[in-house]
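What follows is the content of input_13.pdb, which has PDB, C-alpha atoms and all ligand atoms:
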ATOM      1  CA  MET W 160       6.738 -37.901 -20.125  1.00  0.00           C
ATOM      2  CA  ALA W 161       5.197 -34.805 -18.582  1.00  0.00           C
ATOM      3  CA  ASP W 162       5.498 -33.993 -14.892  1.00  0.00           C
ATOM      4  CA  LEU W 163       3.692 -32.032 -12.221  1.00  0.00           C
ATOM      5  CA  ILE W 164       6.385 -30.344 -10.145  1.00  0.00           C
ATOM      6  CA  PHE W 165       5.813 -28.195  -7.074  1.00  0.00           C
ATOM      7  CA  PHE W 166       8.510 -25.743  -6.008  1.00  0.00           C
ATOM      8  CA  SER W 167       7.780 -24.640  -2.481  1.00  0.00           C
ATOM      9  CA  GLY W 168       9.300 -22.264   0.009  1.00  0.00           C
ATOM     10  CA  THR W 169       8.611 -19.368   2.329  1.00  0.00           C
ATOM     11  CA  MET W 170       7.860 -15.878   1.115  1.00  0.00           C
ATOM     12  CA  ASP W 171      10.915 -13.989  -0.191  1.00  0.00           C
ATOM     13  CA  CYS W 172      12.746 -17.131  -1.273  1.00  0.00           C
ATOM     14  CA  GLY W 173      12.686 -16.249  -4.969  1.00  0.00           C
ATOM     15  CA  LYS W 174       9.842 -18.401  -6.258  1.00  0.00           C
ATOM     16  CA  SER W 175       8.532 -15.850  -8.761  1.00  0.00           C
ATOM     17  CA  THR W 176      12.056 -15.103  -9.955  1.00  0.00           C
ATOM     18  CA  LEU W 177      12.582 -18.804 -10.641  1.00  0.00           C
ATOM     19  CA  ALA W 178       9.183 -18.990 -12.366  1.00  0.00           C
ATOM     20  CA  LEU W 179      10.234 -16.193 -14.725  1.00  0.00           C
ATOM     21  CA  GLN W 180      13.618 -17.838 -15.326  1.00  0.00           C
ATOM     22  CA  MET W 181      11.982 -21.167 -16.089  1.00  0.00           C
ATOM     23  CA  ASP W 182       9.620 -19.569 -18.603  1.00  0.00           C
ATOM     24  CA  HIS W 183      12.579 -17.816 -20.232  1.00  0.00           C
ATOM     25  CA  ASN W 184      14.620 -21.036 -20.461  1.00  0.00           C
ATOM     26  CA  ASN W 185      11.724 -22.900 -22.041  1.00  0.00           C
ATOM     27  CA  SER W 186      10.790 -20.210 -24.538  1.00  0.00           C
ATOM     28  CA  THR W 187      14.388 -19.766 -25.719  1.00  0.00           C
ATOM     29  CA  ARG W 188      14.325 -23.491 -26.536  1.00  0.00           C
ATOM     30  CA  GLY W 189      11.315 -22.930 -28.765  1.00  0.00           C
ATOM     31  CA  ARG W 190       8.785 -24.343 -26.334  1.00  0.00           C
ATOM     32  CA  GLN W 191       5.463 -22.572 -25.910  1.00  0.00           C
ATOM     33  CA  GLY W 192       3.829 -22.109 -22.564  1.00  0.00           C
ATOM     34  CA  LEU W 193       1.230 -20.282 -20.544  1.00  0.00           C
ATOM     35  CA  ILE W 194       1.837 -18.412 -17.303  1.00  0.00           C
ATOM     36  CA  PHE W 195      -0.791 -18.349 -14.587  1.00  0.00           C
ATOM     37  CA  THR W 196      -0.805 -16.480 -11.297  1.00  0.00           C
ATOM     38  CA  LYS W 197      -3.183 -15.351  -8.586  1.00  0.00           C
ATOM     39  CA  LEU W 198      -3.134 -12.277  -6.338  1.00  0.00           C
ATOM     40  CA  ASP W 199       0.337 -11.212  -7.427  1.00  0.00           C
ATOM     41  CA  ARG W 200       1.682  -8.261  -5.424  1.00  0.00           C
ATOM     42  CA  MET W 201       1.642  -6.106  -8.571  1.00  0.00           C
ATOM     43  CA  GLY W 202      -2.051  -6.739  -9.274  1.00  0.00           C
ATOM     44  CA  ASP W 203      -4.186  -8.716 -11.722  1.00  0.00           C
ATOM     45  CA  SER W 204      -2.763 -10.648 -14.660  1.00  0.00           C
ATOM     46  CA  VAL W 205       0.912 -10.063 -13.997  1.00  0.00           C
ATOM     47  CA  LEU W 206       3.663 -12.258 -12.561  1.00  0.00           C
ATOM     48  CA  SER W 207       6.251 -10.106 -10.822  1.00  0.00           C
ATOM     49  CA  SER W 208       9.402 -10.840  -8.871  1.00  0.00           C
ATOM     50  CA  ARG W 209      10.876  -8.832  -6.043  1.00  0.00           C
ATOM     51  CA  LEU W 210      13.967  -8.330  -8.187  1.00  0.00           C
ATOM     52  CA  GLY W 211      11.906  -6.106 -10.478  1.00  0.00           C
ATOM     53  CA  LEU W 212      11.132  -8.402 -13.409  1.00  0.00           C
ATOM     54  CA  SER W 213       7.579  -9.044 -14.526  1.00  0.00           C
ATOM     55  CA  THR W 214       5.569 -10.589 -17.352  1.00  0.00           C
ATOM     56  CA  PRO W 215       1.892 -10.744 -18.344  1.00  0.00           C
ATOM     57  CA  ALA W 216       0.046 -13.740 -16.897  1.00  0.00           C
ATOM     58  CA  ILE W 217      -3.414 -15.250 -16.795  1.00  0.00           C
ATOM     59  CA  GLU W 218      -5.197 -14.498 -13.528  1.00  0.00           C
ATOM     60  CA  VAL W 219      -6.558 -17.635 -11.829  1.00  0.00           C
ATOM     61  CA  HIS W 220     -10.032 -16.933 -10.485  1.00  0.00           C
ATOM     62  CA  ASP W 221     -11.825 -19.544  -8.372  1.00  0.00           C
ATOM     63  CA  ASP W 222     -14.105 -20.476 -11.276  1.00  0.00           C
ATOM     64  CA  LEU W 223     -11.268 -21.047 -13.754  1.00  0.00           C
ATOM     65  CA  ASP W 224     -11.187 -24.655 -14.956  1.00  0.00           C
ATOM     66  CA  PHE W 225      -7.649 -25.486 -16.118  1.00  0.00           C
ATOM     67  CA  TRP W 226      -8.823 -28.458 -18.145  1.00  0.00           C
ATOM     68  CA  ASP W 227     -11.464 -26.447 -20.048  1.00  0.00           C
ATOM     69  CA  GLU W 228      -9.086 -23.520 -20.472  1.00  0.00           C
ATOM     70  CA  ILE W 229      -6.378 -25.676 -22.061  1.00  0.00           C
ATOM     71  CA  VAL W 230      -8.816 -27.642 -24.224  1.00  0.00           C
ATOM     72  CA  GLU W 231     -10.261 -24.394 -25.550  1.00  0.00           C
ATOM     73  CA  ARG W 232      -6.852 -22.970 -26.415  1.00  0.00           C
ATOM     74  CA  LEU W 233      -5.662 -26.186 -28.069  1.00  0.00           C
ATOM     75  CA  THR W 234      -8.903 -26.428 -30.058  1.00  0.00           C
ATOM     76  CA  SER W 235      -8.409 -22.914 -31.375  1.00  0.00           C
ATOM     77  CA  GLY W 236      -4.980 -23.897 -32.665  1.00  0.00           C
ATOM     78  CA  ALA W 237      -2.592 -22.929 -29.876  1.00  0.00           C
ATOM     79  CA  ARG W 238       0.447 -25.054 -29.107  1.00  0.00           C
ATOM     80  CA  ILE W 239       1.090 -25.548 -25.401  1.00  0.00           C
ATOM     81  CA  ASP W 240       4.134 -27.405 -24.127  1.00  0.00           C
ATOM     82  CA  TYR W 241       4.155 -26.266 -20.522  1.00  0.00           C
ATOM     83  CA  LEU W 242       2.350 -24.294 -17.820  1.00  0.00           C
ATOM     84  CA  ILE W 243       4.002 -22.098 -15.204  1.00  0.00           C
ATOM     85  CA  CYS W 244       1.674 -21.681 -12.211  1.00  0.00           C
ATOM     86  CA  ASP W 245       2.741 -19.076  -9.662  1.00  0.00           C
ATOM     87  CA  GLU W 246       1.101 -18.338  -6.295  1.00  0.00           C
ATOM     88  CA  ALA W 247      -0.328 -21.854  -6.474  1.00  0.00           C
ATOM     89  CA  GLN W 248      -1.057 -21.879  -2.739  1.00  0.00           C
ATOM     90  CA  PHE W 249      -4.121 -19.781  -3.602  1.00  0.00           C
ATOM     91  CA  TYR W 250      -5.515 -22.260  -6.155  1.00  0.00           C
ATOM     92  CA  THR W 251      -8.398 -24.488  -5.096  1.00  0.00           C
ATOM     93  CA  PRO W 252      -7.757 -28.236  -4.539  1.00  0.00           C
ATOM     94  CA  LEU W 253     -10.025 -28.890  -7.529  1.00  0.00           C
ATOM     95  CA  GLN W 254      -7.852 -26.685  -9.746  1.00  0.00           C
ATOM     96  CA  VAL W 255      -4.767 -28.631  -8.639  1.00  0.00           C
ATOM     97  CA  GLU W 256      -6.542 -31.853  -9.647  1.00  0.00           C
ATOM     98  CA  GLN W 257      -7.295 -30.303 -13.049  1.00  0.00           C
ATOM     99  CA  LEU W 258      -3.591 -29.507 -13.437  1.00  0.00           C
ATOM    100  CA  ALA W 259      -2.677 -33.133 -12.681  1.00  0.00           C
ATOM    101  CA  ARG W 260      -5.121 -34.258 -15.352  1.00  0.00           C
ATOM    102  CA  VAL W 261      -3.609 -31.819 -17.865  1.00  0.00           C
ATOM    103  CA  VAL W 262      -0.213 -33.417 -17.179  1.00  0.00           C
ATOM    104  CA  ASP W 263      -1.434 -37.004 -17.433  1.00  0.00           C
ATOM    105  CA  GLU W 264      -3.839 -36.800 -20.339  1.00  0.00           C
ATOM    106  CA  MET W 265      -2.369 -34.011 -22.452  1.00  0.00           C
ATOM    107  CA  GLY W 266       1.327 -34.556 -21.775  1.00  0.00           C
ATOM    108  CA  ILE W 267       1.828 -30.915 -20.800  1.00  0.00           C
ATOM    109  CA  ASP W 268       4.489 -30.115 -18.165  1.00  0.00           C
ATOM    110  CA  VAL W 269       3.127 -28.184 -15.206  1.00  0.00           C
ATOM    111  CA  THR W 270       5.489 -26.405 -12.824  1.00  0.00           C
ATOM    112  CA  ALA W 271       3.790 -24.834  -9.818  1.00  0.00           C
ATOM    113  CA  PHE W 272       5.335 -22.404  -7.345  1.00  0.00           C
ATOM    114  CA  GLY W 273       3.894 -21.623  -3.950  1.00  0.00           C
ATOM    115  CA  ILE W 274       4.168 -21.079  -0.248  1.00  0.00           C
ATOM    116  CA  THR W 275       3.361 -24.213   1.716  1.00  0.00           C
ATOM    117  CA  ALA W 276       2.017 -22.840   4.994  1.00  0.00           C
ATOM    118  CA  ASP W 277       0.157 -19.705   5.990  1.00  0.00           C
ATOM    119  CA  PHE W 278       0.845 -17.280   8.862  1.00  0.00           C
ATOM    120  CA  ARG W 279      -0.800 -19.729  11.308  1.00  0.00           C
ATOM    121  CA  THR W 280       1.636 -22.482  10.126  1.00  0.00           C
ATOM    122  CA  GLU W 281      -1.283 -24.332   8.496  1.00  0.00           C
ATOM    123  CA  LEU W 282      -0.998 -25.654   4.959  1.00  0.00           C
ATOM    124  CA  PHE W 283      -2.793 -23.723   2.233  1.00  0.00           C
ATOM    125  CA  PRO W 284      -5.406 -26.026   0.615  1.00  0.00           C
ATOM    126  CA  GLY W 285      -3.820 -25.603  -2.835  1.00  0.00           C
ATOM    127  CA  SER W 286      -0.347 -26.437  -1.511  1.00  0.00           C
ATOM    128  CA  ARG W 287      -1.660 -29.435   0.403  1.00  0.00           C
ATOM    129  CA  ARG W 288      -3.181 -30.875  -2.782  1.00  0.00           C
ATOM    130  CA  LEU W 289       0.029 -30.200  -4.702  1.00  0.00           C
ATOM    131  CA  ILE W 290       2.088 -32.037  -2.084  1.00  0.00           C
ATOM    132  CA  GLU W 291      -0.364 -34.915  -2.327  1.00  0.00           C
ATOM    133  CA  LEU W 292      -0.390 -35.108  -6.130  1.00  0.00           C
ATOM    134  CA  ALA W 293       2.899 -33.771  -7.471  1.00  0.00           C
ATOM    135  CA  ASP W 294       5.422 -36.058  -9.152  1.00  0.00           C
ATOM    136  CA  ARG W 295       8.082 -34.097  -7.309  1.00  0.00           C
ATOM    137  CA  VAL W 296       8.100 -31.499  -4.532  1.00  0.00           C
ATOM    138  CA  GLN W 297      11.208 -29.387  -4.395  1.00  0.00           C
ATOM    139  CA  LEU W 298      12.272 -26.912  -1.729  1.00  0.00           C
ATOM    140  CA  LEU W 299      13.698 -23.704  -3.127  1.00  0.00           C
ATOM    141  CA  GLN W 300      17.446 -23.540  -2.750  1.00  0.00           C
ATOM    142  CA  VAL W 301      17.613 -19.803  -2.132  1.00  0.00           C
ATOM    143  CA  GLU W 302      16.738 -19.520   1.513  1.00  0.00           C
ATOM    144  CA  ALA W 303      15.133 -16.503   3.099  1.00  0.00           C
ATOM    145  CA  LEU W 304      16.616 -15.413   6.406  1.00  0.00           C
ATOM    146  CA  CYS W 305      15.084 -14.432   9.729  1.00  0.00           C
ATOM    147  CA  TRP W 306      16.204 -11.119  11.254  1.00  0.00           C
ATOM    148  CA  CYS W 307      18.450 -13.166  13.582  1.00  0.00           C
ATOM    149  CA  GLY W 308      20.284 -14.705  10.624  1.00  0.00           C
ATOM    150  CA  ARG W 309      18.863 -18.203  10.908  1.00  0.00           C
ATOM    151  CA  LYS W 310      17.105 -19.861   8.019  1.00  0.00           C
ATOM    152  CA  ALA W 311      13.541 -18.509   7.809  1.00  0.00           C
ATOM    153  CA  THR W 312      11.002 -21.305   7.715  1.00  0.00           C
ATOM    154  CA  HIS W 313       7.773 -19.559   8.711  1.00  0.00           C
ATOM    155  CA  ASN W 314       5.630 -16.746   7.342  1.00  0.00           C
ATOM    156  CA  ALA W 315       4.416 -14.279   9.947  1.00  0.00           C
ATOM    157  CA  ARG W 316       1.582 -11.803   9.491  1.00  0.00           C
ATOM    158  CA  ILE W 317       2.190  -8.395  11.015  1.00  0.00           C
ATOM    159  CA  VAL W 318      -0.759  -6.049  11.599  1.00  0.00           C
ATOM    160  CA  ASP W 319       0.214  -2.485  12.488  1.00  0.00           C
ATOM    161  CA  GLY W 320       3.649  -3.721  13.550  1.00  0.00           C
ATOM    162  CA  VAL W 321       2.398  -6.543  15.783  1.00  0.00           C
ATOM    163  CA  MET W 322       2.593 -10.222  14.850  1.00  0.00           C
ATOM    164  CA  VAL W 323      -0.766 -12.030  14.787  1.00  0.00           C
ATOM    165  CA  VAL W 324      -1.566 -15.748  14.571  1.00  0.00           C
ATOM    166  CA  GLU W 325      -5.308 -15.593  14.008  1.00  0.00           C
ATOM    167  CA  GLY W 326      -7.401 -14.235  11.161  1.00  0.00           C
ATOM    168  CA  GLU W 327      -8.445 -14.875   7.571  1.00  0.00           C
ATOM    169  CA  GLN W 328      -6.097 -17.188   5.687  1.00  0.00           C
ATOM    170  CA  VAL W 329      -5.754 -14.915   2.674  1.00  0.00           C
ATOM    171  CA  VAL W 330      -5.057 -11.225   3.187  1.00  0.00           C
ATOM    172  CA  VAL W 331      -2.756  -9.825   0.554  1.00  0.00           C
ATOM    173  CA  GLY W 332       0.011  -7.698   2.017  1.00  0.00           C
ATOM    174  CA  ASP W 333       0.573  -3.966   1.785  1.00  0.00           C
ATOM    175  CA  THR W 334      -3.144  -3.317   2.090  1.00  0.00           C
ATOM    176  CA  ALA W 335      -4.582  -0.892   4.612  1.00  0.00           C
ATOM    177  CA  ALA W 336      -8.194  -1.892   5.138  1.00  0.00           C
ATOM    178  CA  ALA W 337      -9.861   0.656   7.403  1.00  0.00           C
ATOM    179  CA  SER W 338     -10.849  -1.968   9.957  1.00  0.00           C
ATOM    180  CA  ALA W 339      -7.918  -4.341   9.780  1.00  0.00           C
ATOM    181  CA  GLY W 340      -4.898  -2.036   9.963  1.00  0.00           C
ATOM    182  CA  LEU W 341      -1.774  -2.286   7.829  1.00  0.00           C
ATOM    183  CA  VAL W 342      -1.046  -5.924   6.953  1.00  0.00           C
ATOM    184  CA  GLU W 343       2.537  -6.947   6.222  1.00  0.00           C
ATOM    185  CA  TYR W 344       4.385 -10.244   6.161  1.00  0.00           C
ATOM    186  CA  GLU W 345       7.788 -11.196   7.526  1.00  0.00           C
ATOM    187  CA  VAL W 346       9.673 -14.461   7.322  1.00  0.00           C
ATOM    188  CA  LEU W 347      11.021 -15.819  10.621  1.00  0.00           C
ATOM    189  CA  CYS W 348      12.870 -18.842  11.943  1.00  0.00           C
ATOM    190  CA  ARG W 349      10.660 -21.233  13.931  1.00  0.00           C
ATOM    191  CA  ARG W 350      12.173 -20.123  17.227  1.00  0.00           C
ATOM    192  CA  HIS W 351      11.175 -16.508  16.690  1.00  0.00           C
ATOM    193  CA  TYR W 352       7.866 -17.432  15.086  1.00  0.00           C
ATOM    194  CA  MET W 353       6.898 -19.399  18.197  1.00  0.00           C
ATOM    195  CA  ARG W 354       7.928 -16.479  20.414  1.00  0.00           C
ATOM    196  CA  ARG W 355       6.071 -13.913  18.275  1.00  0.00           C
ATOM    197  CA  MET W 356       9.378 -12.105  17.953  1.00  0.00           C
ATOM    198  CA  ASN W 357       9.301 -10.242  14.651  1.00  0.00           C
ATOM    199  CA  SER W 358      12.020  -7.725  13.791  1.00  0.00           C
ATOM    200  CA  HIS W 359      10.018  -4.823  15.218  1.00  0.00           C
ATOM    201  CA  ALA W 360       9.543  -6.592  18.565  1.00  0.00           C
ATOM    202  CA  ALA W 361      13.226  -7.572  18.564  1.00  0.00           C
ATOM    203  CA  ARG W 362      14.293  -3.957  18.059  1.00  0.00           C
ATOM    204  CA  ALA W 363      12.001  -2.857  20.892  1.00  0.00           C
ATOM    205  CA  ALA W 364      13.514  -5.493  23.176  1.00  0.00           C
ATOM    206  CA  ALA W 365      17.047  -4.552  22.165  1.00  0.00           C
ATOM    207  CA  VAL W 366      16.707  -0.913  23.288  1.00  0.00           C
ATOM    208  CA  SER W 367      16.185  -2.103  26.843  1.00  0.00           C
ATOM    209  CA  PRO W 368      19.702  -1.913  28.350  1.00  0.00           C
ATOM    210  CA  ASP W 369      19.888  -5.187  30.238  1.00  0.00           C
ATOM    211  CA  VAL W 370      18.255  -7.711  27.939  1.00  0.00           C
ATOM    212  CA  LEU W 371      19.405  -9.345  24.757  1.00  0.00           C
ATOM    213  CA  PRO W 372      16.717 -10.110  22.178  1.00  0.00           C
ATOM    214  CA  PHE W 373      18.331 -13.489  21.541  1.00  0.00           C
ATOM    215  CA  ASP W 374      17.820 -14.507  25.167  1.00  0.00           C
ATOM    216  CA  LEU W 375      14.876 -16.860  25.015  1.00  0.00           C
ATOM    217  CA  ASP W 376      13.987 -16.162  28.643  1.00  0.00           C
ATOM    218  CA  VAL W 377      12.978 -12.614  27.771  1.00  0.00           C
ATOM    219  CA  CYS W 378      10.705 -13.750  24.957  1.00  0.00           C
ATOM    220  CA  PRO W 379       9.058 -16.936  26.211  1.00  0.00           C
ATOM    221  CA  VAL W 380       6.639 -18.931  24.101  1.00  0.00           C
ATOM    222  CA  PRO W 381       3.192 -17.397  24.715  1.00  0.00           C
ATOM    223  CA  PRO W 382       0.667 -19.723  26.382  1.00  0.00           C
ATOM    224  CA  PRO W 383      -1.994 -21.184  24.078  1.00  0.00           C
ATOM    225  CA  ALA W 384      -4.957 -18.860  23.558  1.00  0.00           C
TER     226      ALA W 384
HETATM  227 ZN    ZN J   1      15.118 -15.956  14.152  1.00  0.00          ZN
END
Turn this file's structure into structure tokens for me.
Ligand SMILES: [Zn+2]
Amino acid sequence: MADLIFFSGTMDCGKSTLALQMDHNNSTRGRQGLIFTKLDRMGDSVLSSRLGLSTPAIEVHDDLDFWDEIVERLTSGARIDYLICDEAQFYTPLQVEQLARVVDEMGIDVTAFGITADFRTELFPGSRRLIELADRVQLLQVEALCWCGRKATHNARIVDGVMVVEGEQVVVGDTAAASAGLVEYEVLCRRHYMRRMNSHAARAAAVSPDVLPFDLDVCPVPPPA
């Protein structure tokens, strides 16, 4: 019986590393699979992990139909036992539905990996549909840490060193668009996410002699915009 499984977590929690490991484990058992990804940090058609490993992958564009893609490959003689789907938060809800159909009607295992919520703490549409449809949702066991040492549960977007909570949902990191400034991401605990206290802001607060960055009174929750 095939399953649709969604491994979720924050950024930096090792999702792509686990995706690569899972592909390796399957292929050494003689199973044949396909690897999909979208907007990987290393560029098109590659799945890469922060630990330095990478493998070729099929880039998921918005017009890719998983059902048609798999039917075409099976018809031309390929054997497919499983799909590894990385960066699944960027897939469309329709593509997630196609993946569920591939599981149910073709008996192919689909394991998806993705971030649940964006830098505004809102669910990505692809992740929302996966949570709704998956046979099993599993939180990654390797936890990313906030600069304060607590478990990091939120993804923050940093533009030119300053945390922002408004903007386009998808802006891939390490890009310096002329208008937008340098976009980076940092994982934070909820407490420091709510107080817009990224590591840069914490360092700035710490150089002031009479305040501690951990003191919540010096970094109150900003009023709603
Ligand atoms: Zn923290």
Go through the shown structure with the PyMOL selection byres (((not hetatm)) within 9 of (chain J and resi 1)) and write out the matching residues as an mmCIF file with C-alpha atoms, in the coordinates of the input.
data_model
loop_
_atom_site.group_PDB
_atom_site.id
_atom_site.type_symbol
_atom_site.label_atom_id
_atom_site.label_comp_id
_atom_site.auth_asym_id
_atom_site.auth_seq_id
_atom_site.Cartn_x
_atom_site.Cartn_y
_atom_site.Cartn_z
ATOM 1 C CA LEU W 304 16.616 -15.413 6.406
ATOM 2 C CA CYS W 305 15.084 -14.432 9.729
ATOM 3 C CA TRP W 306 16.204 -11.119 11.254
ATOM 4 C CA CYS W 307 18.450 -13.166 13.582
ATOM 5 C CA GLY W 308 20.284 -14.705 10.624
ATOM 6 C CA ARG W 309 18.863 -18.203 10.908
ATOM 7 C CA LYS W 310 17.105 -19.861 8.019
ATOM 8 C CA ALA W 311 13.541 -18.509 7.809
ATOM 9 C CA VAL W 346 9.673 -14.461 7.322
ATOM 10 C CA LEU W 347 11.021 -15.819 10.621
ATOM 11 C CA CYS W 348 12.870 -18.842 11.943
ATOM 12 C CA ARG W 349 10.660 -21.233 13.931
ATOM 13 C CA ARG W 350 12.173 -20.123 17.227
ATOM 14 C CA HIS W 351 11.175 -16.508 16.690
ATOM 15 C CA TYR W 352 7.866 -17.432 15.086
ATOM 16 C CA MET W 356 9.378 -12.105 17.953
ATOM 17 C CA ASN W 357 9.301 -10.242 14.651
ATOM 18 C CA SER W 358 12.020 -7.725 13.791
ATOM 19 C CA PHE W 373 18.331 -13.489 21.541
#
If you apply the PyMOL selection byres (((chain W and resi 318) around 8) and not hetatm) to this file, what residues do you get, as an MDAnalysis selection string? chainID W and resid 316:317 319:323 339:343
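Note on the selection: in this file the PyMOL selection byres (((chain W and resi 218) around 6) and not hetatm) comes out as Phe195, Thr196, Lys197, Ser204, Ile217 and Val219 of chain W.
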I need the chosen residues saved as a PDB file, in the frame of the given file, with C-alpha atoms.
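Listing of result-v3.pdb after writing:
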ATOM      1  CA  PHE W 195      -0.791 -18.349 -14.587  1.00  0.00           C
ATOM      2  CA  THR W 196      -0.805 -16.480 -11.297  1.00  0.00           C
ATOM      3  CA  LYS W 197      -3.183 -15.351  -8.586  1.00  0.00           C
ATOM      4  CA  SER W 204      -2.763 -10.648 -14.660  1.00  0.00           C
ATOM      5  CA  ILE W 217      -3.414 -15.250 -16.795  1.00  0.00           C
ATOM      6  CA  VAL W 219      -6.558 -17.635 -11.829  1.00  0.00           C
TER       7      VAL W 219
END
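Proximity of W:Ser175, W:Glu345, W:Val301, W:Gln180 to Met201 (chain W), computed with only C-alpha atoms, is greatest for W:Ser175.
If you look at CA of Val296 (chain W) and CA of Asp162 (chain W), they are 11.0 Å away from each other.
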So that I can check the surroundings of Val230 (chain W), please list as a ChimeraX atom specification every protein, DNA and RNA residue that reaches within 12 Å of it, counting all atoms listed in the file and ignoring chain neighbours fewer than 5 positions away. /W:224-225,235-239,257,260-261,264-265,267
My list of candidates is W:Leu258, W:Arg188, W:Met181, W:Phe165. Which is closest to Ile290 (chain W) when distances are computed with only C-alpha atoms? W:Phe165
Please write out, as AutoDock Vina command-line options, where the centre of an axis-aligned box around all listed atoms of region 184-195 of chain W lies and how long its edges are, in Å to one decimal, after adding 3 Å on each side.
--center_x 6.9 --center_y -21.3 --center_z -21.7 --size_x 21.4 --size_y 12.0 --size_z 20.2
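If you look at CA of Val330 (chain W) and CA of Thr275 (chain W), they are 15.5 Å away from each other.
Nearest residue to Leu289 (chain W) among W:Ala363, W:Val255, W:Ile194, W:Val262 is W:Val255, counting only C-alpha atoms.
Of the listed residues W:Phe278, W:Trp226, W:Phe166, W:Phe283, the one whose atoms come nearest to Gln248 (chain W) is W:Phe283, with distances taken using all atoms listed in the file.
For the atom pair formed by CA of Ala216 (chain W) and CA of Ala315 (chain W), the distance is 27.2 Å, given to one decimal.
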Selection near Thr280 (chain W), 9 Å with all atoms listed in the file, sequence-local residues under 6 positions removed, as a CSV table (one decimal) with C-alpha atoms, in the coordinates of the input:
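This is the output file out30.csv:
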chain,number,residue,atom,x,y,z
W,313,HIS,CA,7.8,-19.6,8.7
W,314,ASN,CA,5.6,-16.7,7.3
W,315,ALA,CA,4.4,-14.3,9.9
W,324,VAL,CA,-1.6,-15.7,14.6
Residues near Ser208 (chain W), anyone? I mean within 12 Å using all atoms listed in the file, not counting same-chain ones fewer than 2 positions away, as a list of chain:residue names. W:Met170, W:Asp171, W:Cys172, W:Gly173, W:Lys174, W:Ser175, W:Thr176, W:Leu177, W:Ala178, W:Leu179, W:Gln180, W:Thr196, W:Asp199, W:Arg200, W:Met201, W:Val205, W:Leu206, W:Leu210, W:Gly211, W:Leu212, W:Ser213, W:Thr214, W:Asp245, W:Glu246
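The nearest approach to Gly192 (chain W) among the residues W:Pro215, W:Arg209, W:Asp240, W:Leu163, with only C-alpha atoms taken into account, belongs to W:Asp240.
Proximity to Ala247 (chain W) was assessed for W:Arg287, W:Tyr344, W:Glu325, W:Ala365 counting only C-alpha atoms; the smallest distance is recorded for W:Arg287.
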